[in-house]
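Each remark here refers to the structure printed beneath this line.
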Amino acid sequence: MRTLVSVNGRASAPEDAVVPALDRGFLYGDSVYEVLWWHRGAAVQADDHMARLRESARRIYMEIPGPDERYLDEIRRTLAAAGCGPSDEVYVRLVVTRGVTPLGLRFEGTTAPTVVVIVAEAHRPTPAEWAKGLAVALVDRLRVSARALDPAAKTGNYMNNLLALHEANQRGSDDAVLLNDRGEVTEGTTSNVYVVRDGVVVTPPLCAGILKGTTRTRILALCARHQVRAEERVLGPDDLRLAPEIFCSSSVRGVIPVTSVDGRPVGDGRPGPLTRRVHDLFEAAADADAASRSAFTIV
């Protein structure tokens, strides 16, 4: 398959895809989006992603017009045009902007949204990359406060995450973990974070100022179903520095271990047993999604 971009139903190569210069998504990051994993001919957790898209929009006073099927149909058409086959692993990004308005911050009178679908090969971790794990850094840059811009809304305004990632990269790390203004652990730049402590999988609560990850929600449910102890609890920097196991989760990468924090190894520097267990549970659930075609397929 090839990388393809659809803008308001018009599919083209990425270099030919355009949005209007006065589109609010381009000018202000005034948009919401979701990233879905297309796996073995079906989208993983499509209903969860669409529900979160609408919740993100609600949090920024934006309306997503029409039924979910309108957007899922556009994803289907774009995948088909890209030549997606049943064995392809695909990254799907669905962006809905507030649309085009006269210059200025006010958005009253917004007309139709701009809908963008991007499909590309999913770069999931290879076995070697997974075993190596991620090196993360606790950066000085703080997560934006929920009173300033609610992190529970997945919007196109990503400068906070972008700068944190750059600063982690400058320190030789793969990703950043951000603290909130109370000094509590929140999340990575594109992932939720978990530590294993005394045999329990622990992840920060939503009130720490994090995105309610679809993969996070599934992981907590899978842990409950398979007798893996898991809970939401406030974490501090030392909880990461002293943890015997840490992992992150996101929609396309799934569950990926963290093997060093600020240059120091996590445990013995290799993925731990509970990390492997949660990874296997998540992958099996994704395979079940694909097998049941519970979300949607290309027709």
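Residue names in the structure tokens use chain letters A, B, ... in the order shown, residue numbers from 1 in each chain, and ligand numbers from 1 in the order shown.
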request  = Return as a ChimeraX atom specification the full set of residues in region 60-268 of chain A whose backbone-based DSSP assignment is strand (DSSP E).
outcome  = /A:90-97,114-121,134-138,175-179,185-188,192-197,200-203,230-232,245-250,254-261,264-265
With C-alpha atoms retained, could you export that selection as a PDB file, in the first residue's frame?
```
ATOM      1  CA  VAL A  90      -1.771   0.631   8.856  1.00  0.00           C
ATOM      2  CA  TYR A  91      -1.534   3.921  10.737  1.00  0.00           C
ATOM      3  CA  VAL A  92      -4.796   5.863  10.279  1.00  0.00           C
ATOM      4  CA  ARG A  93      -5.082   9.478  11.395  1.00  0.00           C
ATOM      5  CA  LEU A  94      -8.504  11.135  11.347  1.00  0.00           C
ATOM      6  CA  VAL A  95      -8.471  14.920  11.809  1.00  0.00           C
ATOM      7  CA  VAL A  96     -11.545  17.139  12.048  1.00  0.00           C
ATOM      8  CA  THR A  97     -10.902  20.892  12.124  1.00  0.00           C
ATOM      9  CA  THR A 114     -12.477  20.105   7.289  1.00  0.00           C
ATOM     10  CA  VAL A 115     -12.056  16.324   7.455  1.00  0.00           C
ATOM     11  CA  VAL A 116      -8.610  14.844   6.811  1.00  0.00           C
ATOM     12  CA  VAL A 117      -7.744  11.151   6.713  1.00  0.00           C
ATOM     13  CA  ILE A 118      -4.111  10.040   6.506  1.00  0.00           C
ATOM     14  CA  VAL A 119      -3.212   6.387   5.935  1.00  0.00           C
ATOM     15  CA  ALA A 120       0.350   5.070   5.998  1.00  0.00           C
ATOM     16  CA  GLU A 121       2.252   1.938   6.865  1.00  0.00           C
ATOM     17  CA  LEU A 134      12.491   2.972  25.233  1.00  0.00           C
ATOM     18  CA  ALA A 135      14.863   5.349  26.958  1.00  0.00           C
ATOM     19  CA  VAL A 136      12.814   8.141  28.547  1.00  0.00           C
ATOM     20  CA  ALA A 137      13.728  11.385  30.259  1.00  0.00           C
ATOM     21  CA  LEU A 138      11.865  13.293  32.938  1.00  0.00           C
ATOM     22  CA  ASP A 175      10.750  10.053  24.651  1.00  0.00           C
ATOM     23  CA  ALA A 176       9.827  12.400  27.461  1.00  0.00           C
ATOM     24  CA  VAL A 177       7.700  11.865  30.527  1.00  0.00           C
ATOM     25  CA  LEU A 178       6.038  15.076  31.677  1.00  0.00           C
ATOM     26  CA  LEU A 179       5.138  16.117  35.214  1.00  0.00           C
ATOM     27  CA  VAL A 185       3.852  12.039  36.679  1.00  0.00           C
ATOM     28  CA  THR A 186       1.339  12.519  33.866  1.00  0.00           C
ATOM     29  CA  GLU A 187       2.188  10.807  30.559  1.00  0.00           C
ATOM     30  CA  GLY A 188       4.609  10.522  27.673  1.00  0.00           C
ATOM     31  CA  ASN A 192       0.245   6.653  28.695  1.00  0.00           C
ATOM     32  CA  VAL A 193       2.767   5.520  31.322  1.00  0.00           C
ATOM     33  CA  TYR A 194       2.687   2.603  33.779  1.00  0.00           C
ATOM     34  CA  VAL A 195       5.005   1.365  36.494  1.00  0.00           C
ATOM     35  CA  VAL A 196       5.051  -2.045  38.139  1.00  0.00           C
ATOM     36  CA  ARG A 197       5.377  -1.853  41.911  1.00  0.00           C
ATOM     37  CA  VAL A 200       0.847  -4.216  40.705  1.00  0.00           C
ATOM     38  CA  VAL A 201       0.506  -2.309  37.423  1.00  0.00           C
ATOM     39  CA  VAL A 202       0.064   1.359  38.389  1.00  0.00           C
ATOM     40  CA  THR A 203      -0.835   4.246  36.074  1.00  0.00           C
ATOM     41  CA  ALA A 230      -3.803  -2.873  38.349  1.00  0.00           C
ATOM     42  CA  GLU A 231      -4.783   0.491  39.759  1.00  0.00           C
ATOM     43  CA  GLU A 232      -4.722   4.223  39.178  1.00  0.00           C
ATOM     44  CA  GLU A 245       9.354  -2.332  35.387  1.00  0.00           C
ATOM     45  CA  ILE A 246       7.900   0.528  33.336  1.00  0.00           C
ATOM     46  CA  PHE A 247       5.981   0.467  30.093  1.00  0.00           C
ATOM     47  CA  CYS A 248       4.056   2.829  27.832  1.00  0.00           C
ATOM     48  CA  SER A 249       1.002   2.301  25.656  1.00  0.00           C
ATOM     49  CA  SER A 250      -0.429   3.874  22.528  1.00  0.00           C
ATOM     50  CA  GLY A 254       0.587  -1.049  21.674  1.00  0.00           C
ATOM     51  CA  VAL A 255       2.488  -1.904  24.865  1.00  0.00           C
ATOM     52  CA  ILE A 256       6.202  -1.085  24.734  1.00  0.00           C
ATOM     53  CA  PRO A 257       8.700  -1.404  27.602  1.00  0.00           C
ATOM     54  CA  VAL A 258      10.734   1.427  29.057  1.00  0.00           C
ATOM     55  CA  THR A 259      14.224   0.176  29.846  1.00  0.00           C
ATOM     56  CA  SER A 260      15.930   3.351  31.088  1.00  0.00           C
ATOM     57  CA  VAL A 261      14.955   6.594  32.837  1.00  0.00           C
ATOM     58  CA  ARG A 264      19.682   4.731  34.344  1.00  0.00           C
ATOM     59  CA  PRO A 265      18.409   1.205  33.645  1.00  0.00           C
TER      60      PRO A 265
END
```
message = With only C-alpha atoms as the counted atoms, please give the residues lying no more than 8 Å from Leu22 (chain A), apart from itself and same-chain residues fewer than 6 positions off, as a list in words.
response = Val100, Thr101, Pro102 and Leu103 of chain A
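One finds CA of Gly156 (chain A) at 6.9 Å from CA of Tyr33 (chain A).
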How close does region 154-186 of chain A get to region 48-62 of chain A? List, as JSON lines, each residue of region 154-186 of chain A within 12 Å, its nearest atom pair and the distance in Å to one decimal, counting only C-alpha atoms.
```
{"residue": "A:Lys154", "atom": "CA", "partner": "A:Ser56", "partner_atom": "CA", "distance": 5.6}
{"residue": "A:Thr155", "atom": "CA", "partner": "A:Ser56", "partner_atom": "CA", "distance": 7.1}
{"residue": "A:Gly156", "atom": "CA", "partner": "A:Ser56", "partner_atom": "CA", "distance": 10.7}
{"residue": "A:Asn157", "atom": "CA", "partner": "A:Ile60", "partner_atom": "CA", "distance": 11.4}
```
Pull C-alpha atoms from the residues just selected and write them as a compact mmCIF listing (two decimals), in the first residue's frame.
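This is the output file part22.txt:
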```
# COMPACT_ATOMS: atom_id res chain seq x y z
CA LYS A 154 -6.96 15.27 21.90
CA THR A 155 -6.45 18.40 19.83
CA GLY A 156 -4.15 19.61 17.08
CA ASN A 157 -2.45 21.97 19.54
```
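For region 17-21 of chain A, the list of residues within 8 Å, based on only C-alpha atoms and with local chain neighbours fewer than 4 positions off taken out, reads Val5, Ser6, Val7, Ala11, Ser12, Ala13, Phe26, Leu27, Val100 and Thr114 of chain A.
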Would you export the selected residues with N, CA and C atoms as a PDB file, in the first residue's frame, please?
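For reference, selection24.pdb as written:
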```
ATOM      1  N   VAL A   5      -3.524  10.691   1.471  1.00  0.00           N
ATOM      2  CA  VAL A   5      -4.215  11.674   2.298  1.00  0.00           C
ATOM      3  C   VAL A   5      -5.519  12.060   1.615  1.00  0.00           C
ATOM      4  N   SER A   6      -6.595  12.041   2.376  1.00  0.00           N
ATOM      5  CA  SER A   6      -7.891  12.496   1.881  1.00  0.00           C
ATOM      6  C   SER A   6      -8.272  13.778   2.605  1.00  0.00           C
ATOM      7  N   VAL A   7      -8.577  14.829   1.844  1.00  0.00           N
ATOM      8  CA  VAL A   7      -9.051  16.089   2.416  1.00  0.00           C
ATOM      9  C   VAL A   7     -10.457  16.331   1.887  1.00  0.00           C
ATOM     10  N   ALA A  11      -8.828  12.254  -2.327  1.00  0.00           N
ATOM     11  CA  ALA A  11      -7.619  11.519  -1.967  1.00  0.00           C
ATOM     12  C   ALA A  11      -6.480  11.873  -2.911  1.00  0.00           C
ATOM     13  N   SER A  12      -5.283  12.019  -2.355  1.00  0.00           N
ATOM     14  CA  SER A  12      -4.114  12.356  -3.155  1.00  0.00           C
ATOM     15  C   SER A  12      -2.856  11.935  -2.419  1.00  0.00           C
ATOM     16  N   ALA A  13      -1.731  12.000  -3.110  1.00  0.00           N
ATOM     17  CA  ALA A  13      -0.446  11.806  -2.456  1.00  0.00           C
ATOM     18  C   ALA A  13      -0.229  12.912  -1.427  1.00  0.00           C
ATOM     19  N   PHE A  26      -5.149  24.698  10.583  1.00  0.00           N
ATOM     20  CA  PHE A  26      -3.830  25.150  10.145  1.00  0.00           C
ATOM     21  C   PHE A  26      -3.384  26.380  10.929  1.00  0.00           C
ATOM     22  N   LEU A  27      -4.284  27.338  11.106  1.00  0.00           N
ATOM     23  CA  LEU A  27      -3.905  28.595  11.746  1.00  0.00           C
ATOM     24  C   LEU A  27      -3.672  28.467  13.249  1.00  0.00           C
ATOM     25  N   VAL A 100     -13.145  26.726   8.072  1.00  0.00           N
ATOM     26  CA  VAL A 100     -12.660  28.027   7.625  1.00  0.00           C
ATOM     27  C   VAL A 100     -13.554  29.130   8.172  1.00  0.00           C
ATOM     28  N   THR A 114     -13.377  20.757   8.229  1.00  0.00           N
ATOM     29  CA  THR A 114     -12.477  20.105   7.289  1.00  0.00           C
ATOM     30  C   THR A 114     -12.147  18.723   7.851  1.00  0.00           C
TER      31      THR A 114
END
```
Counting only C-alpha atoms, closest pick from A:Val44, A:Leu36, A:Val144, A:Ala112 relative to Ile64 (chain A) is A:Ala112
